[in-house]
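File shown here: data03.cif, holding mmCIF, C-alpha atoms.
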```
data_work
loop_
_atom_site.group_PDB
_atom_site.id
_atom_site.type_symbol
_atom_site.label_atom_id
_atom_site.label_comp_id
_atom_site.auth_asym_id
_atom_site.auth_seq_id
_atom_site.Cartn_x
_atom_site.Cartn_y
_atom_site.Cartn_z
ATOM 1 C CA MET A 1 -6.468 120.316 107.432
ATOM 2 C CA THR A 2 -5.708 122.925 104.846
ATOM 3 C CA LYS A 3 -3.258 120.607 103.080
ATOM 4 C CA ARG A 4 -5.804 117.810 103.064
ATOM 5 C CA VAL A 5 -8.489 120.041 101.537
ATOM 6 C CA PHE A 6 -6.019 121.344 99.017
ATOM 7 C CA GLY A 7 -5.088 117.792 97.993
ATOM 8 C CA ILE A 8 -8.699 116.809 97.546
ATOM 9 C CA LEU A 9 -9.316 119.831 95.354
ATOM 10 C CA ILE A 10 -6.331 118.941 93.197
ATOM 11 C CA ILE A 11 -7.596 115.374 92.747
ATOM 12 C CA LEU A 12 -11.096 116.565 91.830
ATOM 13 C CA SER A 13 -9.646 118.980 89.325
ATOM 14 C CA ILE A 14 -7.666 116.187 87.649
ATOM 15 C CA VAL A 15 -10.719 113.886 87.474
ATOM 16 C CA LEU A 16 -12.878 116.669 86.098
ATOM 17 C CA SER A 17 -10.275 117.473 83.495
ATOM 18 C CA LEU A 18 -10.046 113.864 82.367
ATOM 19 C CA SER A 19 -13.834 113.597 82.141
ATOM 20 C CA ILE A 20 -14.021 116.728 80.042
ATOM 21 C CA THR A 21 -11.262 115.408 77.795
ATOM 22 C CA VAL A 22 -13.003 112.007 77.324
ATOM 23 C CA CYS A 23 -16.358 113.643 76.659
ATOM 24 C CA ALA A 24 -14.840 116.008 74.144
ATOM 25 C CA TYR A 25 -13.111 113.133 72.371
ATOM 26 C CA ASP A 26 -16.341 111.070 72.379
ATOM 27 C CA GLU A 27 -18.386 113.866 70.863
ATOM 28 C CA TYR A 28 -16.060 115.393 68.348
ATOM 29 C CA ASP A 29 -13.270 112.981 67.347
ATOM 30 C CA PRO A 30 -13.694 111.066 63.964
ATOM 31 C CA ARG A 31 -14.820 107.462 64.102
ATOM 32 C CA ILE A 32 -16.528 104.720 62.057
ATOM 33 C CA SER A 33 -19.344 102.663 63.507
ATOM 34 C CA PHE A 34 -21.320 99.749 62.066
ATOM 35 C CA ASP A 35 -25.099 99.341 61.645
ATOM 36 C CA ALA A 36 -26.554 95.791 61.557
ATOM 37 C CA ASN A 37 -29.567 96.991 59.522
ATOM 38 C CA GLY A 38 -31.867 94.191 60.645
ATOM 39 C CA GLY A 39 -29.156 91.691 61.405
ATOM 40 C CA THR A 40 -28.045 90.713 64.880
ATOM 41 C CA GLY A 41 -24.797 90.998 66.825
ATOM 42 C CA SER A 42 -22.407 93.877 67.246
ATOM 43 C CA MET A 43 -19.181 95.320 65.824
ATOM 44 C CA GLU A 44 -16.878 97.703 67.706
ATOM 45 C CA THR A 45 -16.676 101.362 66.752
ATOM 46 C CA VAL A 46 -13.275 102.397 65.491
ATOM 47 C CA TYR A 47 -11.940 105.831 66.414
ATOM 48 C CA MET A 48 -9.518 107.139 63.847
ATOM 49 C CA ASN A 49 -8.784 109.885 61.381
ATOM 50 C CA GLY A 50 -7.663 108.910 57.894
ATOM 51 C CA ASN A 51 -8.051 105.972 55.528
ATOM 52 C CA PHE A 52 -9.837 102.913 56.885
ATOM 53 C CA LYS A 53 -10.129 99.484 55.278
ATOM 54 C CA LEU A 54 -13.613 98.095 55.704
ATOM 55 C CA PRO A 55 -13.707 94.741 57.503
ATOM 56 C CA GLU A 56 -15.740 91.632 56.804
ATOM 57 C CA CYS A 57 -19.267 91.759 58.123
ATOM 58 C CA GLY A 58 -19.447 90.450 61.683
ATOM 59 C CA PHE A 59 -23.238 90.657 62.002
ATOM 60 C CA THR A 60 -25.558 87.664 61.771
ATOM 61 C CA PRO A 61 -27.825 88.142 58.730
ATOM 62 C CA PRO A 62 -31.609 87.923 58.942
ATOM 63 C CA GLU A 63 -33.037 84.495 58.155
ATOM 64 C CA GLY A 64 -33.026 83.736 54.421
ATOM 65 C CA TYR A 65 -30.601 86.589 53.680
ATOM 66 C CA ARG A 66 -26.870 86.986 53.246
ATOM 67 C CA PHE A 67 -24.460 89.908 53.424
ATOM 68 C CA LYS A 68 -24.054 91.716 50.099
ATOM 69 C CA HIS A 69 -21.957 94.860 50.791
ATOM 70 C CA TRP A 70 -21.504 97.932 53.040
ATOM 71 C CA TYR A 71 -23.278 101.196 52.481
ATOM 72 C CA VAL A 72 -21.174 104.115 53.652
ATOM 73 C CA GLU A 73 -22.773 107.549 53.383
ATOM 74 C CA GLY A 74 -20.775 109.657 51.032
ATOM 75 C CA HIS A 75 -18.954 106.648 49.664
ATOM 76 C CA SER A 76 -21.855 104.758 48.055
ATOM 77 C CA LEU A 77 -21.473 100.956 47.954
ATOM 78 C CA LYS A 78 -18.381 99.424 49.435
ATOM 79 C CA TYR A 79 -17.153 95.883 49.924
ATOM 80 C CA PRO A 80 -14.920 94.399 52.585
ATOM 81 C CA GLY A 81 -11.361 95.430 51.783
ATOM 82 C CA ASP A 82 -12.366 98.743 50.224
ATOM 83 C CA THR A 83 -10.890 101.906 51.775
ATOM 84 C CA VAL A 84 -12.896 104.844 53.065
ATOM 85 C CA TYR A 85 -11.598 108.127 54.467
ATOM 86 C CA VAL A 86 -12.706 108.847 58.022
ATOM 87 C CA ALA A 87 -12.620 112.509 59.012
ATOM 88 C CA ASP A 88 -15.882 112.687 60.879
ATOM 89 C CA ARG A 89 -18.488 110.371 62.317
ATOM 90 C CA VAL A 90 -19.002 107.676 59.649
ATOM 91 C CA VAL A 91 -21.493 104.798 59.713
ATOM 92 C CA ALA A 92 -21.099 101.627 57.619
ATOM 93 C CA LYS A 93 -24.481 99.994 57.171
ATOM 94 C CA ALA A 94 -24.741 96.286 56.298
ATOM 95 C CA ILE A 95 -26.773 95.595 53.154
ATOM 96 C CA TRP A 96 -28.452 92.209 52.890
ATOM 97 C CA GLU A 97 -29.762 90.250 49.900
ATOM 98 C CA LYS A 98 -32.134 87.313 49.787
ATOM 99 C CA ILE A 99 -30.330 84.040 49.389
ATOM 100 C CA PRO A 100 -31.120 82.837 45.841
ATOM 101 C CA ALA A 101 -32.351 79.357 45.099
ATOM 102 C CA LYS A 102 -29.874 76.920 43.667
ATOM 103 C CA VAL A 103 -30.884 75.098 40.503
ATOM 104 C CA SER A 104 -28.970 71.885 39.906
ATOM 105 C CA PHE A 105 -29.207 69.450 37.010
ATOM 106 C CA ASP A 106 -29.384 65.643 37.083
ATOM 107 C CA ASN A 107 -28.399 63.749 33.923
ATOM 108 C CA GLY A 108 -31.120 61.157 34.570
ATOM 109 C CA GLY A 109 -29.018 58.235 33.352
ATOM 110 C CA GLY A 110 -27.108 60.144 30.709
ATOM 111 C CA SER A 111 -23.556 61.349 31.109
ATOM 112 C CA GLY A 112 -21.771 64.659 31.601
ATOM 113 C CA THR A 113 -22.375 67.597 33.946
ATOM 114 C CA MET A 114 -24.121 70.966 33.921
ATOM 115 C CA ASP A 115 -23.206 73.876 36.213
ATOM 116 C CA GLU A 116 -25.506 74.813 39.065
ATOM 117 C CA VAL A 117 -27.322 78.133 38.813
ATOM 118 C CA GLU A 118 -28.172 80.506 41.637
ATOM 119 C CA ILE A 119 -31.235 82.614 40.973
ATOM 120 C CA TYR A 120 -34.291 84.008 42.684
ATOM 121 C CA GLY A 121 -37.422 84.655 40.699
ATOM 122 C CA ASP A 122 -38.061 83.885 37.053
ATOM 123 C CA TYR A 123 -35.721 81.443 35.351
ATOM 124 C CA ILE A 124 -35.668 80.120 31.780
ATOM 125 C CA LEU A 125 -34.829 76.435 31.573
ATOM 126 C CA PRO A 126 -31.738 75.841 29.424
ATOM 127 C CA ALA A 127 -31.110 73.354 26.645
ATOM 128 C CA CYS A 128 -29.788 69.985 27.754
ATOM 129 C CA SER A 129 -26.028 69.583 27.353
ATOM 130 C CA PHE A 130 -25.857 66.072 28.824
ATOM 131 C CA THR A 131 -24.889 63.162 26.585
ATOM 132 C CA ALA A 132 -27.885 60.891 25.956
ATOM 133 C CA PRO A 133 -27.753 57.162 26.777
ATOM 134 C CA ASP A 134 -27.296 54.850 23.791
ATOM 135 C CA GLY A 135 -30.421 54.637 21.645
ATOM 136 C CA LYS A 136 -32.223 57.411 23.506
ATOM 137 C CA ARG A 137 -32.908 61.122 23.057
ATOM 138 C CA PHE A 138 -33.747 64.053 25.333
ATOM 139 C CA VAL A 139 -37.445 64.952 25.602
ATOM 140 C CA GLY A 140 -37.603 67.440 28.482
ATOM 141 C CA TRP A 141 -36.837 68.349 32.106
ATOM 142 C CA GLU A 142 -38.636 66.945 35.117
ATOM 143 C CA VAL A 143 -39.185 69.800 37.582
ATOM 144 C CA ASN A 144 -41.113 69.084 40.767
ATOM 145 C CA GLY A 145 -42.812 66.114 39.123
ATOM 146 C CA GLU A 146 -43.817 68.014 35.980
ATOM 147 C CA GLU A 147 -42.337 67.784 32.492
ATOM 148 C CA LYS A 148 -40.937 71.092 31.259
ATOM 149 C CA GLN A 149 -39.289 72.038 27.993
ATOM 150 C CA PRO A 150 -36.129 74.100 27.443
ATOM 151 C CA GLY A 151 -37.122 77.748 27.050
ATOM 152 C CA GLU A 152 -40.033 77.509 29.488
ATOM 153 C CA LEU A 153 -40.186 80.147 32.217
ATOM 154 C CA ILE A 154 -40.404 78.911 35.805
ATOM 155 C CA ASN A 155 -40.456 80.741 39.129
ATOM 156 C CA VAL A 156 -37.606 79.826 41.450
ATOM 157 C CA ASN A 157 -38.009 80.490 45.148
ATOM 158 C CA ASP A 158 -36.392 77.402 46.616
ATOM 159 C CA LEU A 159 -33.772 74.779 45.868
ATOM 160 C CA PHE A 160 -34.805 72.355 43.149
ATOM 161 C CA VAL A 161 -33.323 69.796 40.780
ATOM 162 C CA ALA A 162 -34.090 69.585 37.065
ATOM 163 C CA THR A 163 -33.749 65.974 35.904
ATOM 164 C CA ALA A 164 -33.243 65.090 32.251
ATOM 165 C CA ILE A 165 -35.942 62.857 30.725
ATOM 166 C CA TRP A 166 -34.933 60.429 27.972
ATOM 167 C CA GLU A 167 -36.947 58.300 25.567
ATOM 168 C CA GLN A 168 -36.105 55.483 23.210
ATOM 169 C CA ILE A 169 -35.353 56.792 19.739
ATOM 170 C CA PRO A 170 -38.157 55.518 17.460
ATOM 171 C CA GLY A 171 -37.413 53.710 14.235
ATOM 172 C CA LYS A 172 -37.842 55.602 10.989
ATOM 173 C CA VAL A 173 -39.939 53.720 8.429
ATOM 174 C CA THR A 174 -39.249 54.796 4.841
ATOM 175 C CA PHE A 175 -40.950 53.601 1.666
ATOM 176 C CA GLU A 176 -39.365 52.771 -1.697
ATOM 177 C CA CYS A 177 -41.445 52.652 -4.871
ATOM 178 C CA GLY A 178 -39.439 49.878 -6.539
ATOM 179 C CA GLU A 179 -40.164 50.020 -10.256
ATOM 180 C CA GLY A 180 -43.054 52.425 -9.684
ATOM 181 C CA ASN A 181 -42.821 56.124 -9.046
ATOM 182 C CA GLY A 182 -44.045 58.737 -6.599
ATOM 183 C CA GLU A 183 -43.357 59.408 -2.924
ATOM 184 C CA MET A 184 -44.715 58.366 0.464
ATOM 185 C CA ASP A 185 -43.917 60.181 3.725
ATOM 186 C CA SER A 186 -41.631 58.421 6.168
ATOM 187 C CA VAL A 187 -42.982 57.538 9.632
ATOM 188 C CA GLU A 188 -41.280 57.606 13.038
ATOM 189 C CA ILE A 189 -42.621 54.926 15.349
ATOM 190 C CA LEU A 190 -41.527 52.575 18.094
ATOM 191 C CA GLY A 191 -43.413 49.312 18.536
ATOM 192 C CA GLU A 192 -46.328 47.969 16.514
ATOM 193 C CA TYR A 193 -46.997 49.532 13.116
ATOM 194 C CA THR A 194 -49.798 48.772 10.646
ATOM 195 C CA LEU A 195 -48.677 48.738 7.029
ATOM 196 C CA PRO A 196 -50.506 51.352 4.916
ATOM 197 C CA GLU A 197 -52.019 51.140 1.469
ATOM 198 C CA CYS A 198 -49.621 51.774 -1.391
ATOM 199 C CA ASP A 199 -49.772 55.346 -2.728
ATOM 200 C CA PHE A 200 -47.097 54.892 -5.377
ATOM 201 C CA THR A 201 -47.966 54.974 -9.075
ATOM 202 C CA SER A 202 -47.618 51.506 -10.594
ATOM 203 C CA PRO A 203 -45.462 50.818 -13.657
ATOM 204 C CA ASP A 204 -47.273 50.416 -17.001
ATOM 205 C CA GLY A 205 -49.069 47.088 -17.258
ATOM 206 C CA GLN A 206 -48.455 46.211 -13.596
ATOM 207 C CA GLN A 207 -50.309 46.411 -10.323
ATOM 208 C CA PHE A 208 -49.286 46.531 -6.667
ATOM 209 C CA LYS A 209 -48.605 43.085 -5.250
ATOM 210 C CA CYS A 210 -47.381 43.582 -1.658
ATOM 211 C CA TRP A 211 -44.793 45.217 0.598
ATOM 212 C CA GLN A 212 -41.385 43.650 1.057
ATOM 213 C CA VAL A 213 -40.349 43.893 4.722
ATOM 214 C CA ASN A 214 -37.007 42.364 5.722
ATOM 215 C CA GLY A 215 -37.269 39.957 2.813
ATOM 216 C CA GLU A 216 -40.849 38.923 3.619
ATOM 217 C CA GLU A 217 -43.978 39.775 1.673
ATOM 218 C CA LYS A 218 -46.581 41.684 3.682
ATOM 219 C CA GLN A 219 -49.988 43.044 2.771
ATOM 220 C CA PRO A 220 -51.432 46.451 3.706
ATOM 221 C CA GLY A 221 -53.187 46.161 7.058
ATOM 222 C CA GLU A 222 -50.699 43.672 8.482
ATOM 223 C CA SER A 223 -48.821 44.670 11.660
ATOM 224 C CA ILE A 224 -45.052 44.683 12.091
ATOM 225 C CA GLN A 225 -42.735 45.539 14.999
ATOM 226 C CA VAL A 226 -40.463 48.571 14.569
ATOM 227 C CA ASP A 227 -37.485 49.096 16.893
ATOM 228 C CA GLN A 228 -34.991 50.571 14.438
ATOM 229 C CA ASP A 229 -34.829 52.275 11.055
ATOM 230 C CA LEU A 230 -36.632 50.207 8.412
ATOM 231 C CA THR A 231 -37.029 50.431 4.640
ATOM 232 C CA ILE A 232 -40.147 48.960 3.018
ATOM 233 C CA CYS A 233 -40.216 48.338 -0.734
ATOM 234 C CA ALA A 234 -43.230 48.037 -3.016
ATOM 235 C CA LEU A 235 -43.408 44.897 -5.168
ATOM 236 C CA TRP A 236 -45.320 44.856 -8.461
ATOM 237 C CA GLU A 237 -46.844 42.149 -10.662
ATOM 238 C CA SER A 238 -48.214 42.008 -14.177
ATOM 239 C CA ILE A 239 -51.904 42.661 -14.583
ATOM 240 C CA PRO A 240 -53.480 39.310 -15.584
ATOM 241 C CA VAL A 241 -55.221 39.201 -19.014
ATOM 242 C CA GLU A 242 -58.649 37.521 -19.114
ATOM 243 C CA GLU A 243 -59.284 35.482 -22.320
ATOM 244 C CA THR A 244 -62.865 36.159 -23.381
ATOM 245 C CA GLU A 245 -64.653 35.424 -26.739
ATOM 246 C CA GLU A 246 -66.014 38.626 -28.010
ATOM 247 C CA PRO A 247 -69.138 38.222 -30.237
ATOM 248 C CA THR A 248 -68.553 39.252 -33.827
ATOM 249 C CA GLU A 249 -70.883 41.762 -35.308
ATOM 250 C CA GLU A 250 -72.168 40.763 -38.772
ATOM 251 C CA THR A 251 -73.029 43.417 -41.249
ATOM 252 C CA GLU A 252 -76.221 43.397 -43.227
ATOM 253 C CA ASP A 253 -74.260 42.382 -46.296
ATOM 254 C CA GLU A 254 -72.791 39.389 -44.462
ATOM 255 C CA VAL A 255 -76.239 38.378 -43.224
ATOM 256 C CA GLU A 256 -77.674 38.662 -46.727
ATOM 257 C CA THR A 257 -74.755 36.736 -48.152
ATOM 258 C CA THR A 258 -75.011 34.034 -45.529
ATOM 259 C CA ALA A 259 -78.749 33.542 -45.892
ATOM 260 C CA PRO A 260 -78.698 32.584 -49.578
ATOM 261 C CA LYS A 261 -75.753 30.301 -49.032
ATOM 262 C CA THR A 262 -77.660 28.547 -46.309
ATOM 263 C CA ALA A 263 -80.715 28.154 -48.575
ATOM 264 C CA GLU A 264 -78.614 26.801 -51.423
ATOM 265 C CA GLY A 265 -77.025 24.390 -49.050
ATOM 266 C CA ASN A 266 -80.416 23.123 -48.020
ATOM 267 C CA GLU A 267 -81.510 22.740 -51.630
ATOM 268 C CA ASP A 268 -78.384 20.753 -52.457
ATOM 269 C CA SER A 269 -78.990 18.535 -49.454
ATOM 270 C CA ASP A 270 -82.579 17.913 -50.581
ATOM 271 C CA GLU A 271 -81.417 17.082 -54.093
ATOM 272 C CA GLU A 272 -78.870 14.621 -52.735
ATOM 273 C CA ASP A 273 -81.602 12.943 -50.683
ATOM 274 C CA ASP A 274 -83.876 12.674 -53.739
ATOM 275 C CA ASP A 275 -81.105 11.133 -55.850
ATOM 276 C CA SER A 276 -80.455 8.505 -53.187
ATOM 277 C CA PHE A 277 -84.144 7.679 -53.027
ATOM 278 C CA ASN A 278 -84.419 7.364 -56.783
ATOM 279 C CA MET A 279 -81.403 5.123 -56.919
ATOM 280 C CA LEU A 280 -82.958 2.789 -54.415
ATOM 281 C CA TRP A 281 -86.083 2.517 -56.519
ATOM 282 C CA ILE A 282 -84.090 1.754 -59.617
ATOM 283 C CA VAL A 283 -82.191 -0.964 -57.824
ATOM 284 C CA ALA A 284 -85.417 -2.438 -56.504
ATOM 285 C CA ILE A 285 -87.026 -2.421 -59.948
ATOM 286 C CA VAL A 286 -83.985 -4.056 -61.523
ATOM 287 C CA VAL A 287 -83.934 -6.715 -58.844
ATOM 288 C CA GLY A 288 -87.673 -7.325 -59.283
ATOM 289 C CA VAL A 289 -87.409 -7.582 -63.075
ATOM 290 C CA ALA A 290 -84.501 -9.987 -62.743
ATOM 291 C CA ALA A 291 -86.466 -12.136 -60.353
ATOM 292 C CA VAL A 292 -89.479 -12.240 -62.642
ATOM 293 C CA ALA A 293 -87.248 -13.151 -65.585
ATOM 294 C CA SER A 294 -85.639 -15.938 -63.650
ATOM 295 C CA VAL A 295 -88.997 -17.405 -62.662
ATOM 296 C CA THR A 296 -90.224 -17.203 -66.240
ATOM 297 C CA VAL A 297 -87.173 -18.982 -67.571
ATOM 298 C CA MET A 298 -87.580 -21.745 -65.028
ATOM 299 C CA ILE A 299 -91.226 -22.293 -65.991
ATOM 300 C CA ILE A 300 -90.338 -22.581 -69.687
ATOM 301 C CA VAL A 301 -87.627 -25.052 -68.984
ATOM 302 C CA MET A 302 -89.909 -27.205 -66.894
ATOM 303 C CA LYS A 303 -92.590 -27.342 -69.647
ATOM 304 C CA LYS A 304 -90.070 -28.504 -72.261
ATOM 305 C CA ASN A 305 -88.867 -31.278 -70.050
ATOM 306 C CA LYS A 306 -92.451 -32.629 -69.620
ATOM 307 C CA LYS A 307 -92.898 -32.954 -73.316
#
```
Turn the structure described in the file into structure tokens.
Amino acid sequence: MTKRVFGILIILSIVLSLSITVCAYDEYDPRISFDANGGTGSMETVYMNGNFKLPECGFTPPEGYRFKHWYVEGHSLKYPGDTVYVADRVVAKAIWEKIPAKVSFDNGGGSGTMDEVEIYGDYILPACSFTAPDGKRFVGWEVNGEEKQPGELINVNDLFVATAIWEQIPGKVTFECGEGNGEMDSVEILGEYTLPECDFTSPDGQQFKCWQVNGEEKQPGESIQVDQDLTICALWESIPVEETEEPTEETEDEVETTAPKTAEGNEDSDEEDDDSFNMLWIVAIVVGVAAVASVTVMIIVMKKNKK
């Protein structure tokens, strides 16, 4: 009986000693434990004294977050693989960061690539580094159905794609003055274009005739189709001269000189008429006298023959 009691006491003493040893180790021995800090899951505490290499995070991050680094009191920020010295009770706390949105770029029919960007918050749209399709040029980014320009600030809180927008390069219409001089501004346009009035200065003695467009003569106000660069040249023509009889202005001296001449002319004409009239009378008298003489001679002859 005494031996049995003595044996039981020995066993109890051993158990009590072990318990005290375990408790003392649990309370006072150095260790490193891990705090999920809002995440889920667990990581085993490591009991040790000395340098310890931090492990990868084994916690599940909160939704919309990802593991960034460990925070170890007395050691500031640490990353997996970094070493910390454990000489007491040390806690490594998981630090989380919000998962940034990913901005990707679509060439929209062009060629080339642009790197994706991870960001959360304000983001400035970059310049386009895609290669434009033939005959087209970049005009902006399409972001969530809206047209945005490089340099514009947008707020990024989710994944989105910026698609390049292209447009047909318009033709450049330039004007040449031909033999005239001056300048007219060039015009960029694609499609129908109405020819303007000519603003060039015409050469001396000439006037604007028409525009020469691809070898054809066109008038201001006519419409042409522009789908590429085009040069329009001004054509000129001589100003027509109108032949008009300008009335001569007579001086008083000329009028006075002309008037007498006209009177003298009339007097001469009257004298000529009088001379003609007188001549007719003379002829008539001569003819009458001759007739009377002839009749007289005939009468005398007849009387002599009767005797």
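Going from CA of Phe138 in chain A to CA of Thr163 in chain A covers 10.7 Å.
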Picked residues, the PyMOL selection byres ((chain A and resi 187) around 7), expected as a PDB file with C-alpha atoms, in the coordinates of the input:
```pdb
ATOM      1  CA  LYS A 172     -37.842  55.602  10.989  1.00  0.00           C
ATOM      2  CA  VAL A 173     -39.939  53.720   8.429  1.00  0.00           C
ATOM      3  CA  THR A 174     -39.249  54.796   4.841  1.00  0.00           C
ATOM      4  CA  ASP A 185     -43.917  60.181   3.725  1.00  0.00           C
ATOM      5  CA  SER A 186     -41.631  58.421   6.168  1.00  0.00           C
ATOM      6  CA  GLU A 188     -41.280  57.606  13.038  1.00  0.00           C
ATOM      7  CA  ILE A 189     -42.621  54.926  15.349  1.00  0.00           C
TER       8      ILE A 189
END
```
Practice task
Quick one: everything within 7 Å of Ile124 in chain A, counting all atoms listed in the file, minus sequence neighbours fewer than 3 positions away in the same chain. Send it as a ChimeraX atom specification.
Solution key: /A:151-154
Emit the selected residues as a PDB file, keeping the file's coordinate frame, including C-alpha atoms.
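Final file, selection_1.pdb:
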```pdb
ATOM      1  CA  GLY A 151     -37.122  77.748  27.050  1.00  0.00           C
ATOM      2  CA  GLU A 152     -40.033  77.509  29.488  1.00  0.00           C
ATOM      3  CA  LEU A 153     -40.186  80.147  32.217  1.00  0.00           C
ATOM      4  CA  ILE A 154     -40.404  78.911  35.805  1.00  0.00           C
TER       5      ILE A 154
END
```
Return as lines of an AutoDock Vina configuration file the box centre and box size in Å, one decimal, for an axis-aligned box around all listed atoms of range 223-227 of chain A padded by 8 Å per side.
```
center_x = -43.2
center_y = 46.9
center_z = 14.3
size_x = 27.3
size_y = 20.4
size_z = 21.2
```
Practice task
Take CA of Trp211 in chain A and CA of Ile232 in chain A and report the distance between them in Å, one decimal.
Solution key: 6.4 Å
Problem - Test item: residues at most 7 Å from Ser202 in chain A, only C-alpha atoms, excluding those fewer than 3 positions along its chain, as a PyMOL selection string - result: chain A and resi 180-181+206-208
Emit the selected residues as an mmCIF file, keeping the file's coordinate frame, including C-alpha atoms.
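What landed in out.cif:
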```
data_model
loop_
_atom_site.group_PDB
_atom_site.id
_atom_site.type_symbol
_atom_site.label_atom_id
_atom_site.label_comp_id
_atom_site.auth_asym_id
_atom_site.auth_seq_id
_atom_site.Cartn_x
_atom_site.Cartn_y
_atom_site.Cartn_z
ATOM 1 C CA GLY A 180 -43.054 52.425 -9.684
ATOM 2 C CA ASN A 181 -42.821 56.124 -9.046
ATOM 3 C CA GLN A 206 -48.455 46.211 -13.596
ATOM 4 C CA GLN A 207 -50.309 46.411 -10.323
ATOM 5 C CA PHE A 208 -49.286 46.531 -6.667
#
```
Exercise for the section: With the file shown as input, list the residues that the PyMOL selection byres ((chain A and resi 218-228) around 9) selects, as an MDAnalysis selection string. Expected result: chainID A and resid 169:173 189:198 209:213 216:217 229:230
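Among A:Trp236, A:Tyr65, A:Phe105, A:Tyr120, the residue with the shortest atom-to-atom distance to Ile165 in chain A, counting all atoms listed in the file, is A:Phe105.
With only C-alpha atoms as the atoms that count, the minimum distance from Pro126 in chain A to the choices A:Ala234, A:Ala92, A:Ala164, A:Ile239 is reached by A:Ala164.
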Practice task
List the neighbours of Val161 in chain A out to 8 Å using only C-alpha atoms; skip same-chain residues closer than 2 positions along the sequence, and give me the result as number ranges by chain.
Solution key: A: 103-106, 143-144, 159, 163
Exercise for the section: Starting from the shown file, work through the PyMOL selection byres ((chain A and resi 79-81) around 7) and note down what comes out as a ChimeraX atom specification. Expected result: /A:53-56,69-70,77-78,82-83
Handout entry: One-decimal distance in Å that lies between CA of Lys102 in chain A and CA of Phe130 in chain A
Key =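 Straight-line distance from CA of Phe130 in chain A to CA of Lys102 in chain A works out to 18.8 Å.
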Exercise for the section: Considering only C-alpha atoms, state which residue in the set A:Ile119, A:Val46, A:Ile282, A:Leu125 is at the smallest distance from Arg89 in chain A. Expected result: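 With only C-alpha atoms as the atom set, the closest residue is A:Val46.
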Exercise for the section: Please write as a list in words the list of polymer residues whose atoms come within 8 Å of (-25.9, 95.7, 59.1), counting all atoms listed in the file and keeping to the coordinates of the file. Expected result: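 Residues with an atom at most 8 Å from (-25.9, 95.7, 59.1): Phe34, Asp35, Ala36, Asn37, Gly38, Gly39, Thr40, Cys57, Phe59, Pro61, Trp70, Ala92, Lys93, Ala94, Ile95 and Trp96 of chain A.
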Problem - Residue with smallest distance to Asp158 in chain A - pool A:Pro30, A:Gly64, A:Gly108, A:Gly145, counting only C-alpha atoms - result: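 Smallest distance to Asp158 in chain A is found for A:Gly64.
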Handout entry: For Ile32 in chain A: contacts at 7 Å, all atoms listed in the file, fewer than 5 positions along chain excluded, given as a PyMOL selection string
Key = chain A and resi 45-47+86+89-91
Practice task
Using only C-alpha atoms, find the one residue out of A:Phe52, A:Phe175, A:Trp166, A:Tyr71 that sits nearest to Ala132 in chain A.
Solution key: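 Ranking A:Phe52, A:Phe175, A:Trp166, A:Tyr71 by distance to Ala132 in chain A, first place goes to A:Trp166.
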Final N, CA and C atoms of range 152-163 of chain A as a PDB file, in the coordinates of the input:
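Final output, saved to selection.pdb:
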```
ATOM      1  N   GLU A 152     -38.880  77.181  28.643  1.00  0.00           N
ATOM      2  CA  GLU A 152     -40.033  77.509  29.488  1.00  0.00           C
ATOM      3  C   GLU A 152     -39.583  78.346  30.680  1.00  0.00           C
ATOM      4  N   LEU A 153     -40.455  79.263  31.098  1.00  0.00           N
ATOM      5  CA  LEU A 153     -40.186  80.147  32.217  1.00  0.00           C
ATOM      6  C   LEU A 153     -40.762  79.539  33.489  1.00  0.00           C
ATOM      7  N   ILE A 154     -39.931  79.424  34.521  1.00  0.00           N
ATOM      8  CA  ILE A 154     -40.404  78.911  35.805  1.00  0.00           C
ATOM      9  C   ILE A 154     -40.031  79.906  36.889  1.00  0.00           C
ATOM     10  N   ASN A 155     -40.742  79.857  38.011  1.00  0.00           N
ATOM     11  CA  ASN A 155     -40.456  80.741  39.129  1.00  0.00           C
ATOM     12  C   ASN A 155     -39.665  79.969  40.168  1.00  0.00           C
ATOM     13  N   VAL A 156     -38.510  80.497  40.520  1.00  0.00           N
ATOM     14  CA  VAL A 156     -37.606  79.826  41.450  1.00  0.00           C
ATOM     15  C   VAL A 156     -37.618  80.571  42.779  1.00  0.00           C
ATOM     16  N   ASN A 157     -38.058  79.893  43.816  1.00  0.00           N
ATOM     17  CA  ASN A 157     -38.009  80.490  45.148  1.00  0.00           C
ATOM     18  C   ASN A 157     -37.473  79.507  46.183  1.00  0.00           C
ATOM     19  N   ASP A 158     -36.940  78.397  45.708  1.00  0.00           N
ATOM     20  CA  ASP A 158     -36.392  77.402  46.616  1.00  0.00           C
ATOM     21  C   ASP A 158     -35.445  76.514  45.814  1.00  0.00           C
ATOM     22  N   LEU A 159     -34.700  75.701  46.514  1.00  0.00           N
ATOM     23  CA  LEU A 159     -33.772  74.779  45.868  1.00  0.00           C
ATOM     24  C   LEU A 159     -34.550  73.712  45.106  1.00  0.00           C
ATOM     25  N   PHE A 160     -34.177  73.451  43.876  1.00  0.00           N
ATOM     26  CA  PHE A 160     -34.805  72.355  43.149  1.00  0.00           C
ATOM     27  C   PHE A 160     -33.826  71.762  42.153  1.00  0.00           C
ATOM     28  N   VAL A 161     -34.164  70.543  41.712  1.00  0.00           N
ATOM     29  CA  VAL A 161     -33.323  69.796  40.780  1.00  0.00           C
ATOM     30  C   VAL A 161     -34.111  69.559  39.497  1.00  0.00           C
ATOM     31  N   ALA A 162     -33.500  69.881  38.373  1.00  0.00           N
ATOM     32  CA  ALA A 162     -34.090  69.585  37.065  1.00  0.00           C
ATOM     33  C   ALA A 162     -33.438  68.308  36.540  1.00  0.00           C
ATOM     34  N   THR A 163     -34.263  67.279  36.335  1.00  0.00           N
ATOM     35  CA  THR A 163     -33.749  65.974  35.904  1.00  0.00           C
ATOM     36  C   THR A 163     -34.065  65.758  34.436  1.00  0.00           C
TER      37      THR A 163
END
```
